[in-house]
Amino acid sequence: MELKNKVVWITGASSGIGEALSYAFAKEGCKLVISARRESELQRVKTSTNLTDDSILILPLDLENHVAAPEWVSIILAKFGRIDVLVNNGGLSQKGTAMQTTTEVERKIMEINYFGNIALTKAVIPVMQKQQSGHLVVTTSILGKFGLPFHTTYAASKHALYGYYDSLRMELKPFNINVLLVAPGFINTNASINSLNADGSISNQDSPAQMNGMKTGVFAKKLISALKRNKQHIYIGNKELLAIPFKMLLPKLFYTIMDKMSKGK
Ligand SMILES: NC(=O)c1ccc[n+]([C@@H]2O[C@H](COP(=O)([O-])OP(=O)(O)OC[C@H]3O[C@@H](n4cnc5c(N)ncnc54)[C@H](OP(=O)(O)O)[C@@H]3O)[C@@H](O)[C@H]2O)c1
């Protein structure tokens, strides 16, 4: 697809992957709608894109309040009249044993990573159907393809996105609406620091995997390249991506190693 002048709505744009994507789409000549909860951070990102007010809209939102999704879409339509790409990227991670993780934390993660995500998609689809074109980009995770000890709910939320969007893709094909599922490996963001502990408190602890992960600018370039080529699915990361073929080809060994990892914690 050609990206110039396209209207792109990015969630989770106040930091990390979403912030880098905002700069990358701006460079491609797109008009942007940037969303997250922290308006001051969105303002900072807006300034760094160098886009003028007629080309960028700050739309603060909390994905937990996803009943408001149709209103958010109306605000975008009032400004730009169309939505060409929705980048459903906002999300929250979780750490802690399954048994210690409270139901409130489990529900919060699912509300943000799954129900909030699909609510935006369902609010945008009628717009794209009317346009007879559109792209839905969804940030899942390699943890949408296999589990990791102490990340049960997060992995469940990302697995759910695979089931939903792999099915939806086929429903939307007649309307010329494409779905691109993007599975990051370890990307150098604050995702670990921002993740929730079992009791709902914020972790505030980085992880070595995240610290040594791929830079967000590199990630953004790869995602945009996949979008331009109308890809349906892409993994983006470094050697951690080897876990995917490893699980498929040598499942017994894969589970033995994962088991050892969990005992080492
Ligand atoms: N970094 C990785 O290694 C990695 C790996 C696999 C998948 N991912 C996925 O990539 C996506 C982006 O994460 P990141 O790595 O860039 O981490 P990040 O820097 O922590 O960014 C998360 C973004 O989501 C937003 N967000 C969180 N809760 C929200 C809510 N309730 N409502 C609206 N926005 C919310 C945050 O903004 P506010 O706090 O301002 O709301 C922030 O902009 C997530 O879906 C994550 O699961 C990341």
# chains A, B, ... in the order shown; residues from 1 in each chain; ligands from 1
>>> residues_near_ligand(ligand="ligand 1", cutoff="7 Å", atoms="only C-alpha atoms and all ligand atoms", output="PyMOL selection string")
chain A and resi 11-18+35-38+41+61-64+89-93+112-113+139-142+183-191+194+210+213
>>> select_by_dssp(residues="range 5-133 of chain A", states="strand (DSSP E or B)", output="list in words")
Val7, Val8, Trp9, Ile10, Thr11, Lys31, Leu32, Val33, Ile34, Ser35, Ile56, Leu57, Ile58, Val85, Leu86, Val87, Asn88 and Gln94 of chain A
>>> closest_atom_pairs(of="range 27-51 of chain A", to="range 73-88 of chain A", cutoff="12 Å", atoms="only C-alpha atoms", output="CSV")
residue,atom,partner,partner_atom,distance
A:Cys30,CA,A:Asp84,CA,9.8
A:Lys31,CA,A:Phe80,CA,8.4
A:Leu32,CA,A:Phe80,CA,9.4
A:Val33,CA,A:Ile76,CA,7.4
A:Ile34,CA,A:Val87,CA,9.8
A:Ser35,CA,A:Asn88,CA,10.0
A:Ala36,CA,A:Asn88,CA,11.0
>>> select_by_dssp(residues="range 95-185 of chain A", states="alpha helix (DSSP H)", output="PyMOL selection string")
chain A and resi 103-110+117-131+152-172
>>> closest_atom_pairs(of="range 118-176 of chain A", to="range 242-261 of chain A", cutoff="10 Å", atoms="only C-alpha atoms", output="JSON lines")
{"residue": "A:Ile142", "atom": "CA", "partner": "A:Ile244", "partner_atom": "CA", "distance": 7.7}
{"residue": "A:Leu143", "atom": "CA", "partner": "A:Ile244", "partner_atom": "CA", "distance": 9.8}
{"residue": "A:Lys145", "atom": "CA", "partner": "A:Ile244", "partner_atom": "CA", "distance": 7.3}
{"residue": "A:Phe146", "atom": "CA", "partner": "A:Ile244", "partner_atom": "CA", "distance": 7.8}
{"residue": "A:Gly147", "atom": "CA", "partner": "A:Met258", "partner_atom": "CA", "distance": 8.8}
{"residue": "A:Leu148", "atom": "CA", "partner": "A:Met258", "partner_atom": "CA", "distance": 7.3}
{"residue": "A:Pro149", "atom": "CA", "partner": "A:Met258", "partner_atom": "CA", "distance": 7.8}
>>> write_last_selection(atoms="N, CA and C atoms", output="PDB file, in the first residue's frame")
ATOM      1  N   ILE A 142       5.392 -12.522  20.605  1.00  0.00           N
ATOM      2  CA  ILE A 142       5.755 -13.942  20.458  1.00  0.00           C
ATOM      3  C   ILE A 142       5.081 -14.754  21.582  1.00  0.00           C
ATOM      4  N   LEU A 143       4.694 -14.064  22.673  1.00  0.00           N
ATOM      5  CA  LEU A 143       3.949 -14.765  23.728  1.00  0.00           C
ATOM      6  C   LEU A 143       2.487 -14.992  23.338  1.00  0.00           C
ATOM      7  N   LYS A 145       2.258 -16.879  20.761  1.00  0.00           N
ATOM      8  CA  LYS A 145       2.537 -18.149  20.070  1.00  0.00           C
ATOM      9  C   LYS A 145       3.026 -19.243  21.013  1.00  0.00           C
ATOM     10  N   PHE A 146       3.547 -18.838  22.167  1.00  0.00           N
ATOM     11  CA  PHE A 146       3.916 -19.834  23.194  1.00  0.00           C
ATOM     12  C   PHE A 146       3.810 -19.161  24.566  1.00  0.00           C
ATOM     13  N   GLY A 147       3.760 -19.973  25.612  1.00  0.00           N
ATOM     14  CA  GLY A 147       3.628 -19.419  26.965  1.00  0.00           C
ATOM     15  C   GLY A 147       4.977 -19.218  27.620  1.00  0.00           C
ATOM     16  N   LEU A 148       4.995 -18.406  28.674  1.00  0.00           N
ATOM     17  CA  LEU A 148       6.216 -18.186  29.448  1.00  0.00           C
ATOM     18  C   LEU A 148       5.802 -18.150  30.910  1.00  0.00           C
ATOM     19  N   PRO A 149       6.549 -18.865  31.780  1.00  0.00           N
ATOM     20  CA  PRO A 149       6.164 -18.859  33.191  1.00  0.00           C
ATOM     21  C   PRO A 149       6.063 -17.427  33.724  1.00  0.00           C
TER      22      PRO A 149
END
